[in-house]
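Chemist: Here you go, this is run.cif (mmCIF, C-alpha atoms).
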```cif
data_target
loop_
_atom_site.label_atom_id
_atom_site.label_comp_id
_atom_site.auth_asym_id
_atom_site.auth_seq_id
_atom_site.Cartn_x
_atom_site.Cartn_y
_atom_site.Cartn_z
CA MET T 28 7.89 16.36 -21.84
CA ASN T 29 5.70 15.80 -18.88
CA GLY T 30 7.51 18.21 -16.61
CA ASN T 31 7.38 18.33 -12.88
CA PRO T 32 4.13 16.73 -11.70
CA SER T 33 3.92 19.15 -8.82
CA ASN T 34 3.42 22.23 -10.91
CA ASN T 35 1.83 21.53 -14.25
CA GLY T 36 0.00 18.64 -15.75
CA MET T 37 0.64 16.45 -18.74
CA GLY T 38 -1.59 18.26 -21.17
CA GLU T 39 -5.19 18.40 -22.25
CA ILE T 40 -5.54 14.82 -23.56
CA VAL T 41 -4.11 13.08 -20.51
CA GLU T 42 -6.07 15.35 -18.22
CA THR T 43 -9.35 14.59 -19.98
CA VAL T 44 -8.77 10.85 -19.90
CA ALA T 45 -7.86 11.04 -16.22
CA ARG T 46 -11.05 12.98 -15.56
CA TRP T 47 -13.06 10.24 -17.29
CA LEU T 48 -11.30 7.49 -15.39
CA ARG T 49 -11.41 8.97 -11.91
CA GLY T 50 -15.00 7.95 -11.21
CA PHE T 51 -14.45 4.35 -12.23
CA ILE T 52 -11.26 4.10 -10.19
CA LEU T 53 -12.92 5.57 -7.10
CA VAL T 54 -15.99 3.33 -7.41
CA TYR T 55 -13.77 0.29 -7.83
CA GLY T 56 -11.69 1.22 -4.80
CA ILE T 57 -14.75 1.87 -2.66
CA SER T 58 -16.28 -1.45 -3.69
CA VAL T 59 -13.06 -3.27 -2.86
CA VAL T 60 -13.18 -1.69 0.60
CA LEU T 61 -16.89 -2.32 1.22
CA TYR T 62 -16.84 -5.91 -0.05
CA GLY T 63 -13.55 -6.74 1.64
CA HIS T 64 -15.21 -9.29 3.91
CA LEU T 65 -16.91 -11.11 1.01
CA SER T 66 -14.42 -11.12 -1.84
CA PRO T 67 -10.67 -10.63 -2.20
CA GLY T 68 -9.69 -7.18 -1.11
CA GLY T 69 -10.11 -5.09 1.98
CA GLY T 70 -9.20 -1.78 3.50
CA PHE T 71 -5.54 -1.78 2.52
CA GLU T 72 -6.10 -2.81 -1.08
CA GLY T 73 -9.10 -0.58 -1.68
CA GLY T 74 -7.37 2.33 0.02
CA VAL T 75 -4.41 2.00 -2.30
CA VAL T 76 -6.74 1.99 -5.32
CA ILE T 77 -8.55 5.12 -4.11
CA ALA T 78 -5.28 6.88 -3.42
CA CYS T 79 -4.05 5.96 -6.89
CA GLY T 80 -7.14 7.58 -8.37
CA PHE T 81 -6.21 10.88 -6.75
CA ILE T 82 -2.54 10.38 -7.63
CA LEU T 83 -3.59 9.95 -11.27
CA LEU T 84 -5.50 13.23 -11.10
CA THR T 85 -2.50 14.98 -9.60
CA LEU T 86 -0.08 13.57 -12.15
CA ALA T 87 -2.34 14.36 -15.09
CA GLY T 88 -3.64 17.76 -14.07
CA GLY T 89 -0.93 19.16 -11.85
CA GLU T 90 -0.84 19.79 -8.16
CA GLN T 91 -3.59 22.41 -8.12
CA GLN T 92 -5.99 20.02 -9.82
CA GLY T 93 -5.23 17.25 -7.36
CA GLN T 94 -5.47 19.51 -4.33
CA ARG T 95 -8.83 20.79 -5.49
CA PHE T 96 -10.37 17.34 -5.08
CA PHE T 97 -8.44 16.18 -2.06
CA SER T 98 -6.46 18.77 -0.18
CA ARG T 99 -3.69 17.98 2.25
CA ARG T 100 -5.74 19.15 5.18
CA MET T 101 -8.59 16.86 4.15
CA ALA T 102 -6.17 13.96 3.70
CA LEU T 103 -4.72 14.49 7.16
CA GLY T 104 -8.20 14.73 8.68
CA PHE T 105 -9.55 11.64 6.93
CA GLY T 106 -6.44 9.65 7.77
CA SER T 107 -6.70 10.53 11.44
CA ALA T 108 -10.43 9.79 11.34
CA GLY T 109 -9.69 6.35 9.92
CA LEU T 110 -7.33 5.51 12.76
CA LEU T 111 -9.82 6.90 15.28
CA ILE T 112 -12.61 4.76 13.81
CA PHE T 113 -10.41 1.70 14.18
CA LEU T 114 -9.50 2.54 17.79
CA VAL T 115 -13.07 3.36 18.84
CA LEU T 116 -14.36 0.14 17.31
CA ALA T 117 -11.58 -1.73 19.06
CA LEU T 118 -12.56 -0.22 22.40
CA ILE T 119 -16.26 -1.11 22.04
CA GLY T 120 -15.51 -4.69 23.04
CA MET T 121 -13.98 -3.57 26.32
CA GLY T 122 -17.21 -1.90 27.37
CA ARG T 123 -18.81 -5.27 27.90
CA ALA T 124 -18.40 -7.19 31.10
CA ASP T 125 -17.04 -10.28 29.35
CA GLY T 126 -15.63 -8.40 26.40
CA ALA T 127 -12.08 -7.98 25.23
CA PHE T 128 -10.09 -5.46 23.24
CA LEU T 129 -10.88 -5.74 19.52
CA GLN T 130 -13.61 -8.29 20.13
CA ASN T 131 -16.06 -8.68 17.27
CA VAL T 132 -19.05 -7.67 19.37
CA ILE T 133 -21.73 -7.58 16.67
CA GLY T 134 -22.75 -11.13 15.96
CA THR T 135 -23.80 -12.26 12.51
CA SER T 136 -26.78 -14.54 12.10
CA ASP T 137 -26.57 -17.48 9.73
CA GLN T 138 -29.07 -15.90 7.35
CA ALA T 139 -26.94 -12.81 6.92
CA TRP T 140 -23.86 -14.64 5.70
CA PHE T 141 -22.54 -13.60 2.29
CA THR T 142 -24.44 -10.31 2.41
CA LEU T 143 -22.96 -6.83 2.56
CA PHE T 144 -24.17 -6.23 6.12
CA SER T 145 -22.49 -9.15 7.82
CA GLY T 146 -19.31 -9.90 9.63
CA GLY T 147 -19.99 -7.67 12.61
CA LEU T 148 -17.24 -5.10 13.07
CA ILE T 149 -15.13 -6.35 10.17
CA PRO T 150 -16.64 -4.16 7.39
CA LEU T 151 -16.50 -1.13 9.69
CA LEU T 152 -12.86 -1.79 10.49
CA ASN T 153 -12.26 -2.14 6.74
CA ILE T 154 -13.82 1.26 6.14
CA GLY T 155 -11.57 2.80 8.79
CA ILE T 156 -8.47 1.22 7.28
CA GLY T 157 -9.56 2.22 3.79
CA LEU T 158 -9.97 5.86 4.85
CA LEU T 159 -6.57 5.86 6.53
CA VAL T 160 -4.67 4.17 3.72
CA ALA T 161 -6.30 6.20 0.94
CA SER T 162 -5.72 9.53 2.68
CA LEU T 163 -2.25 8.94 3.99
CA LEU T 164 -0.89 7.36 0.82
CA PHE T 165 -2.10 10.34 -1.17
CA LEU T 166 -0.67 12.68 1.47
CA VAL T 167 2.72 10.99 1.24
CA PHE T 168 2.58 11.25 -2.52
CA THR T 169 1.83 14.97 -2.51
CA LEU T 170 4.50 15.57 0.11
CA LEU T 171 7.17 13.67 -1.83
CA ALA T 172 6.14 15.06 -5.19
CA THR T 173 6.42 18.67 -4.04
CA VAL T 174 9.77 18.42 -2.30
CA GLY T 175 11.84 21.44 -3.14
CA THR T 176 9.07 23.37 -4.81
CA ALA T 177 7.87 26.66 -3.42
CA PRO T 178 4.34 26.62 -2.02
CA GLU T 179 1.66 28.73 -3.59
CA LYS T 180 1.55 32.04 -1.79
CA GLU T 181 -2.23 32.31 -1.67
CA ASP T 182 -2.84 28.63 -1.18
CA PRO T 183 -4.49 28.15 2.23
CA GLU T 184 -3.98 24.39 2.01
CA GLY T 185 -0.25 24.66 1.62
CA ASP T 186 0.25 24.77 5.35
CA ASP T 187 0.10 21.28 6.77
CA SER T 188 0.74 22.01 10.40
CA MET A 4 0.70 -25.21 -14.14
CA ILE A 5 4.13 -25.57 -12.63
CA GLU A 6 5.74 -24.91 -16.02
CA VAL A 7 3.78 -21.70 -16.44
CA ILE A 8 4.85 -20.55 -13.00
CA ALA A 9 8.45 -21.46 -13.77
CA ILE A 10 8.35 -19.39 -16.98
CA LEU A 11 6.84 -16.45 -15.10
CA ILE A 12 9.48 -16.70 -12.39
CA LEU A 13 12.23 -16.76 -15.02
CA LEU A 14 10.75 -13.67 -16.66
CA ALA A 15 10.57 -11.95 -13.26
CA ILE A 16 14.21 -12.80 -12.61
CA ALA A 17 15.17 -11.41 -16.02
CA ALA A 18 13.27 -8.21 -15.26
CA ALA A 19 14.95 -7.98 -11.86
CA ILE A 20 18.36 -8.28 -13.50
CA ILE A 21 17.40 -5.49 -15.90
CA VAL A 22 16.41 -3.33 -12.90
CA VAL A 23 19.90 -3.62 -11.48
CA GLU A 24 21.92 -3.57 -14.66
CA THR A 25 20.34 -0.88 -16.80
CA THR A 26 21.71 2.65 -16.61
CA ASN A 27 18.43 4.25 -17.64
CA LEU A 28 16.29 5.26 -14.68
CA LEU A 29 13.05 4.96 -16.61
CA PHE A 30 13.85 1.43 -17.81
CA SER A 31 14.76 0.50 -14.26
CA VAL A 32 11.50 1.76 -12.79
CA ILE A 33 9.43 0.10 -15.51
CA SER A 34 11.26 -3.17 -14.87
CA VAL A 35 10.40 -2.94 -11.18
CA GLY A 36 6.79 -2.70 -12.25
CA ALA A 37 7.24 -5.73 -14.51
CA VAL A 38 8.68 -7.77 -11.63
CA GLY A 39 5.75 -6.85 -9.42
CA PHE A 40 3.20 -7.59 -12.12
CA LEU A 41 4.69 -11.01 -12.89
CA LEU A 42 4.72 -11.82 -9.19
CA ALA A 43 1.07 -10.78 -8.98
CA ILE A 44 0.18 -13.21 -11.80
CA ILE A 45 2.11 -15.95 -9.99
CA PHE A 46 0.18 -15.24 -6.78
CA LEU A 47 -3.06 -15.35 -8.74
CA LEU A 48 -2.17 -18.72 -10.28
CA LEU A 49 -1.27 -20.06 -6.86
CA GLY A 50 -4.72 -19.15 -5.57
CA ALA A 51 -3.98 -16.02 -3.55
CA PRO A 52 -6.05 -13.21 -5.10
CA ASP A 53 -5.75 -11.08 -1.96
CA VAL A 54 -1.99 -11.05 -2.15
CA ALA A 55 -2.17 -10.41 -5.89
CA ILE A 56 -4.28 -7.30 -5.36
CA VAL A 57 -1.85 -6.02 -2.75
CA GLN A 58 1.05 -6.80 -5.07
CA ILE A 59 -0.46 -4.86 -7.98
CA GLY A 60 -1.67 -2.00 -5.84
CA VAL A 61 1.37 -1.48 -3.70
CA GLU A 62 4.32 -2.61 -5.77
CA VAL A 63 3.25 -1.94 -9.33
CA ILE A 64 1.18 1.19 -8.95
CA SER A 65 2.37 2.89 -5.80
CA LEU A 66 6.06 2.10 -5.98
CA VAL A 67 6.42 2.86 -9.68
CA ILE A 68 4.34 6.02 -9.54
CA LEU A 69 5.99 7.23 -6.35
CA VAL A 70 9.50 6.56 -7.59
CA ARG A 71 8.88 7.96 -11.05
CA ALA A 72 7.00 11.01 -9.85
CA THR A 73 9.23 11.99 -7.00
CA MET A 74 12.63 11.34 -8.48
CA GLY A 75 14.32 14.25 -10.15
CA ARG A 76 14.94 14.08 -13.84
CA ASP A 77 18.68 14.71 -13.61
CA VAL A 78 19.61 11.78 -11.42
CA GLU A 79 23.03 10.40 -12.14
CA PRO A 80 22.95 6.63 -12.60
CA ALA A 81 24.86 4.94 -9.85
CA VAL A 82 27.39 3.28 -12.09
CA GLY A 83 31.07 3.31 -11.47
CA ARG A 84 34.13 1.22 -10.85
CA ARG A 85 33.26 -1.26 -8.20
CA ASP A 86 35.52 -2.12 -5.38
CA PHE A 87 37.13 -5.46 -6.13
CA VAL A 88 37.54 -6.50 -2.50
CA GLY A 89 33.98 -5.59 -1.70
CA MET A 90 32.78 -7.60 -4.66
CA VAL A 91 34.76 -10.65 -3.55
CA VAL A 92 33.34 -10.35 -0.04
CA ALA A 93 29.83 -10.00 -1.40
CA VAL A 94 30.12 -12.99 -3.72
CA THR A 95 31.62 -15.10 -0.92
CA LEU A 96 28.78 -14.15 1.39
CA VAL A 97 26.15 -14.93 -1.23
CA VAL A 98 27.71 -18.32 -1.96
CA ALA A 99 28.01 -19.15 1.74
CA ILE A 100 24.46 -18.13 2.49
CA GLY A 101 23.28 -19.99 -0.60
CA LEU A 102 25.01 -23.20 0.46
CA PHE A 103 23.59 -22.79 3.94
CA GLY A 104 20.16 -22.20 2.46
CA MET A 105 20.40 -25.37 0.34
CA GLN A 106 20.61 -27.36 3.57
CA ILE A 107 17.41 -25.74 4.76
CA PHE A 108 15.65 -26.13 1.42
CA ALA A 109 16.22 -29.89 1.69
CA ASP A 110 13.91 -29.93 4.70
CA PHE A 111 11.22 -27.88 3.00
CA PRO A 112 7.95 -29.56 2.12
CA GLU A 113 7.23 -30.21 -1.51
CA PHE A 114 6.12 -27.22 -3.56
CA GLY A 115 2.38 -26.74 -3.24
CA SER A 116 1.85 -28.78 -0.09
CA SER A 117 0.74 -26.45 2.64
CA VAL A 118 1.22 -26.59 6.37
CA MET A 119 -2.37 -27.52 7.00
CA GLU A 120 -2.01 -30.72 5.01
CA ARG A 121 0.93 -31.87 7.10
CA VAL A 122 0.02 -30.54 10.53
CA ALA A 123 -3.52 -31.32 11.60
CA GLN A 124 -3.30 -28.94 14.56
CA ALA A 125 -2.20 -25.96 12.49
CA PRO A 126 -4.13 -22.77 13.27
CA SER A 127 -4.97 -22.34 9.59
CA ASN A 128 -7.13 -25.45 9.82
CA THR A 129 -9.12 -23.85 12.60
CA TYR A 130 -9.49 -20.63 10.64
CA LEU A 131 -10.80 -22.47 7.60
CA ARG A 132 -13.10 -24.75 9.57
CA GLU A 133 -14.60 -22.24 11.96
CA GLY A 134 -13.88 -18.92 10.29
CA LEU A 135 -17.27 -18.43 8.69
CA ALA A 136 -19.23 -19.63 11.71
CA SER A 137 -17.37 -17.54 14.27
CA THR A 138 -16.83 -14.33 12.31
CA GLY A 139 -19.58 -14.43 9.68
CA THR A 140 -17.01 -13.51 7.02
CA PRO A 141 -16.59 -15.74 3.94
CA ASN A 142 -13.24 -14.18 3.06
CA THR A 143 -10.93 -16.03 5.41
CA VAL A 144 -8.04 -13.65 4.75
CA THR A 145 -10.11 -10.74 6.03
CA ALA A 146 -11.39 -12.85 8.91
CA VAL A 147 -7.82 -13.54 10.00
CA LEU A 148 -6.65 -9.97 9.44
CA LEU A 149 -9.50 -8.19 11.18
CA ASP A 150 -10.79 -10.72 13.69
CA TYR A 151 -8.32 -13.40 14.73
CA ARG A 152 -5.27 -11.21 14.22
CA ALA A 153 -6.86 -7.78 14.51
CA TYR A 154 -4.27 -6.74 17.05
CA ASP A 155 -1.55 -7.15 14.42
CA THR A 156 -3.59 -5.06 12.00
CA LEU A 157 -3.96 -2.34 14.61
CA GLY A 158 -0.17 -2.29 14.92
CA GLU A 159 0.25 -2.16 11.14
CA VAL A 160 -2.17 0.73 10.81
CA THR A 161 -0.46 2.60 13.62
CA VAL A 162 2.94 2.09 12.04
CA LEU A 163 1.63 3.43 8.73
CA PHE A 164 0.10 6.43 10.47
CA CYS A 165 3.31 7.20 12.38
CA ALA A 166 5.40 6.84 9.23
CA VAL A 167 3.23 9.33 7.38
CA MET A 168 3.34 11.71 10.34
CA GLY A 169 7.12 11.50 10.22
CA VAL A 170 7.18 12.30 6.52
CA LEU A 171 4.76 15.16 7.14
CA ALA A 172 6.94 16.58 9.89
CA ILE A 173 10.10 16.40 7.81
CA LEU A 174 8.79 17.50 4.43
CA ARG A 175 6.29 20.21 5.28
CA ARG A 176 6.89 23.34 3.34
CA LYS A 177 6.40 25.99 5.98
CA ALA A 178 8.03 26.06 9.34
CA ARG A 179 5.61 26.37 12.21
CA VAL A 180 8.10 28.45 14.13
CA PRO A 181 10.14 30.73 11.91
CA LEU A 182 13.83 30.07 12.04
CA GLY A 183 14.57 33.64 13.06
CA GLY A 184 14.16 37.22 12.05
CA ASP A 185 11.10 38.76 10.46
CA ASP A 186 10.83 36.32 7.58
CA ALA A 187 8.01 34.42 9.24
CA THR A 188 6.31 34.09 5.90
CA GLU A 189 9.50 33.04 4.16
CA ASP A 190 9.26 29.56 2.73
CA ARG A 191 11.53 26.95 4.15
CA LYS A 192 12.87 24.64 1.56
#
```
Output the file's structure in the form of structure tokens.

Modeler:
Amino acid sequence: MNGNPSNNGMGEIVETVARWLRGFILVYGISVVLYGHLSPGGGFEGGVVIACGFILLTLAGGEQQGQRFFSRRMALGFGSAGLLIFLVLALIGMGRADGAFLQNVIGTSDQAWFTLFSGGLIPLLNIGIGLLVASLLFLVFTLLATVGTAPEKEDPEGDDS
Amino acid sequence: MIEVIAILILLAIAAAIIVVETTNLLFSVISVGAVGFLLAIIFLLLGAPDVAIVQIGVEVISLVILVRATMGRDVEPAVGRRDFVGMVVAVTLVVAIGLFGMQIFADFPEFGSSVMERVAQAPSNTYLREGLASTGTPNTVTAVLLDYRAYDTLGEVTVLFCAVMGVLAILRRKARVPLGGDDATEDRK
């Protein structure tokens, strides 16, 4: 039996495999976010992949294990930071005399096409969205998975507010 | 190609019927994943890898994991005697809407012919023609999402953020203000 994912994990074997896989999953998710303007993918997709890496850790190793790598407070902070990044980048365009909200102010030269550092604001916006989606999806998962369970008494991260 | 897609669609429909008809929660959730995975393959065959990644990530992984992980083990399957009148009303509605939809399907373009082939002034033509030059982004989907239609994306992101904040407010485990008495440290379920 795998039990309640919020309290205990699925056992030594599953936990070990999850520990091996987490790096690959995270690297894949980060690459999907960073290369979102060059290949299929983007902030939403990569964020979901990253969040699923942490969800796998939580499911395999129990809530404590998952919270050790990515606590609720961190998830809330990173999610808010992602939205803030998006908003700040959106406001940059308005600072210009002829600019507009969400204008792609950083131009890309022809030589820079198809390279990682191209597309102006688009990769940066992708990073913001990736942060937000990864953090908040994982936060929703931990919140839903621990409904009805008592918080750890000495757990400082148990308080979300 | 079209035969392969037809077979995949038939399999997806079969899986969707299993989702509704089975009384086992685990079978049902796995079948939801099968539907999403088959749809992802269809999207991939139709040349939409972006949508396929979203489909796998969101429907297959997130939905299945979230449903399976958060649902209690002792959930009663929602099976019982169905209301006959309600069933008749539902079937009548489905048939009526289906007949109405057939009229609309007659006006649909042929399968596989996109808007940009029929309408020269379609915005998608502009995106494809000038997308790389004006945004510097080879991935046109990202160019549309984060440059041409970035305002929509801002709204999407904000909606996601607000939804999570709502879940956080409802499901947090400790009350910020204790409900009363001295049990300030008492856990609120």

Chemist: Taking all atoms listed in the file into account, produce a table as CSV in which each residue of chain A with an atom at most 8 Å from an atom of chain T appears once, together with its shortest atom pair and the distance in Å to one decimal, ordered by chain and rising number.

Modeler:
```
residue,atom,partner,partner_atom,distance
A:Pro52,CA,T:Pro67,CA,6.0
A:Asp53,CA,T:Pro67,CA,4.9
A:Ile56,CA,T:Glu72,CA,6.5
A:Val57,CA,T:Glu72,CA,5.6
A:Gly60,CA,T:Val75,CA,6.0
A:Val61,CA,T:Val75,CA,6.9
A:Ile64,CA,T:Cys79,CA,7.4
A:Ser65,CA,T:Cys79,CA,7.2
A:Leu69,CA,T:Phe168,CA,6.5
A:Ala72,CA,T:Ala172,CA,6.2
A:Thr73,CA,T:Ala172,CA,4.7
A:Ala136,CA,T:Asp137,CA,7.9
A:Thr138,CA,T:Gly146,CA,5.7
A:Gly139,CA,T:Gly146,CA,4.5
A:Thr140,CA,T:Gly146,CA,5.0
A:Pro141,CA,T:Leu65,CA,5.5
A:Asn142,CA,T:Leu65,CA,5.2
A:Thr145,CA,T:His64,CA,5.7
A:Ala146,CA,T:His64,CA,7.2
A:Leu149,CA,T:Ile149,CA,6.0
A:Asp150,CA,T:Asn131,CA,6.7
A:Ala153,CA,T:Leu129,CA,6.7
A:Tyr154,CA,T:Leu129,CA,7.1
A:Leu157,CA,T:Phe113,CA,7.6
A:Val160,CA,T:Ile156,CA,7.2
A:Thr161,CA,T:Leu110,CA,7.5
A:Phe164,CA,T:Leu163,CA,7.3
A:Val167,CA,T:Val167,CA,6.4
A:Val170,CA,T:Val167,CA,7.0
A:Leu171,CA,T:Leu170,CA,7.0
A:Leu174,CA,T:Leu170,CA,6.4
A:Arg175,CA,T:Asp187,CA,6.5
A:Arg176,CA,T:Pro178,CA,6.8
A:Lys177,CA,T:Asp186,CA,6.3
A:Arg179,CA,T:Ser188,CA,6.8
A:Asp190,CA,T:Ala177,CA,6.9
A:Lys192,CA,T:Gly175,CA,5.8
```

Chemist: Using all atoms listed in the file, which residues sit within 12 Å of Val32 in chain A once same-chain residues fewer than 5 positions away are excluded, as an NGL selection string?

Modeler: :A and (18-19 or 21-27 or 37-39 or 62-74)

Chemist: How far is it from CA of Tyr130 in chain A to CA of Tyr151 in chain A, in Å with one decimal?

Modeler: 8.4 Å

Chemist: On this file, the PyMOL selection byres ((chain T and resi 42) around 10) gives some set of residues; write that set as a PyMOL selection string.

Modeler: chain T and resi 36-41+43-48+83-89+92

Chemist: Please produce a file of the residues just selected, as an mmCIF file, in the frame of the given file, where the atoms kept are C-alpha atoms.

Modeler:
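Okay, this is what ended up in result05.cif:
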```cif
data_model
loop_
_atom_site.group_PDB
_atom_site.id
_atom_site.type_symbol
_atom_site.label_atom_id
_atom_site.label_comp_id
_atom_site.auth_asym_id
_atom_site.auth_seq_id
_atom_site.Cartn_x
_atom_site.Cartn_y
_atom_site.Cartn_z
ATOM 1 C CA GLY T 36 0.000 18.640 -15.750
ATOM 2 C CA MET T 37 0.640 16.450 -18.740
ATOM 3 C CA GLY T 38 -1.590 18.260 -21.170
ATOM 4 C CA GLU T 39 -5.190 18.400 -22.250
ATOM 5 C CA ILE T 40 -5.540 14.820 -23.560
ATOM 6 C CA VAL T 41 -4.110 13.080 -20.510
ATOM 7 C CA THR T 43 -9.350 14.590 -19.980
ATOM 8 C CA VAL T 44 -8.770 10.850 -19.900
ATOM 9 C CA ALA T 45 -7.860 11.040 -16.220
ATOM 10 C CA ARG T 46 -11.050 12.980 -15.560
ATOM 11 C CA TRP T 47 -13.060 10.240 -17.290
ATOM 12 C CA LEU T 48 -11.300 7.490 -15.390
ATOM 13 C CA LEU T 83 -3.590 9.950 -11.270
ATOM 14 C CA LEU T 84 -5.500 13.230 -11.100
ATOM 15 C CA THR T 85 -2.500 14.980 -9.600
ATOM 16 C CA LEU T 86 -0.080 13.570 -12.150
ATOM 17 C CA ALA T 87 -2.340 14.360 -15.090
ATOM 18 C CA GLY T 88 -3.640 17.760 -14.070
ATOM 19 C CA GLY T 89 -0.930 19.160 -11.850
ATOM 20 C CA GLN T 92 -5.990 20.020 -9.820
#
```

Chemist: Pick from A:Val162, A:Ala55, A:Ala15, A:Arg132: nearest to Ser34 in chain A, with all atoms listed in the file counted?

Modeler: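 Selected residue with least distance to Ser34 in chain A: A:Ala15.
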
Chemist: Between CA of Leu102 in chain A and CA of Val88 in chain A, what is the spacing in Å?

Modeler: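 Computed distance, CA of Val88 in chain A to CA of Leu102 in chain A, equals 21.1 Å.
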
Chemist: Measure the distance from CA of Val7 in chain A to CA of Gly50 in chain A in Å and round it to one decimal.

Modeler: 14.0 Å

Chemist: My structure is short of atoms at range 41-57 of chain A; please model N, CA and C atoms there, returning them as a CSV table (one decimal), in the frame of the given file.

Modeler:
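In the end it all went to part_31.csv:
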```
chain,number,residue,atom,x,y,z
A,41,LEU,N,4.5,-9.6,-12.7
A,41,LEU,CA,4.7,-11.0,-12.9
A,41,LEU,C,4.5,-11.7,-11.6
A,42,LEU,N,4.9,-11.2,-10.5
A,42,LEU,CA,4.7,-11.8,-9.2
A,42,LEU,C,3.2,-11.9,-8.9
A,43,ALA,N,2.5,-10.8,-9.2
A,43,ALA,CA,1.1,-10.8,-9.0
A,43,ALA,C,0.4,-11.9,-9.7
A,44,ILE,N,0.8,-12.1,-11.0
A,44,ILE,CA,0.2,-13.2,-11.8
A,44,ILE,C,0.5,-14.6,-11.1
A,45,ILE,N,1.7,-14.7,-10.6
A,45,ILE,CA,2.1,-16.0,-10.0
A,45,ILE,C,1.2,-16.2,-8.8
A,46,PHE,N,1.0,-15.1,-8.0
A,46,PHE,CA,0.2,-15.2,-6.8
A,46,PHE,C,-1.2,-15.6,-7.2
A,47,LEU,N,-1.7,-15.0,-8.3
A,47,LEU,CA,-3.1,-15.4,-8.7
A,47,LEU,C,-3.2,-16.8,-9.1
A,48,LEU,N,-2.1,-17.3,-9.9
A,48,LEU,CA,-2.2,-18.7,-10.3
A,48,LEU,C,-2.1,-19.7,-9.1
A,49,LEU,N,-1.4,-19.2,-8.0
A,49,LEU,CA,-1.3,-20.1,-6.9
A,49,LEU,C,-2.5,-20.0,-5.9
A,50,GLY,N,-3.5,-19.2,-6.4
A,50,GLY,CA,-4.7,-19.2,-5.6
A,50,GLY,C,-4.7,-18.2,-4.4
A,51,ALA,N,-4.0,-17.0,-4.6
A,51,ALA,CA,-4.0,-16.0,-3.6
A,51,ALA,C,-4.4,-14.7,-4.1
A,52,PRO,N,-5.7,-14.5,-4.5
A,52,PRO,CA,-6.0,-13.2,-5.1
A,52,PRO,C,-5.9,-12.0,-4.2
A,53,ASP,N,-6.0,-12.2,-2.9
A,53,ASP,CA,-5.8,-11.1,-2.0
A,53,ASP,C,-4.3,-10.5,-2.1
A,54,VAL,N,-3.4,-11.5,-2.1
A,54,VAL,CA,-2.0,-11.0,-2.2
A,54,VAL,C,-1.7,-10.4,-3.5
A,55,ALA,N,-2.4,-11.0,-4.5
A,55,ALA,CA,-2.2,-10.4,-5.9
A,55,ALA,C,-2.6,-9.0,-6.0
A,56,ILE,N,-3.8,-8.7,-5.3
A,56,ILE,CA,-4.3,-7.3,-5.4
A,56,ILE,C,-3.3,-6.4,-4.6
A,57,VAL,N,-2.8,-6.8,-3.5
A,57,VAL,CA,-1.8,-6.0,-2.8
A,57,VAL,C,-0.6,-5.8,-3.6
```
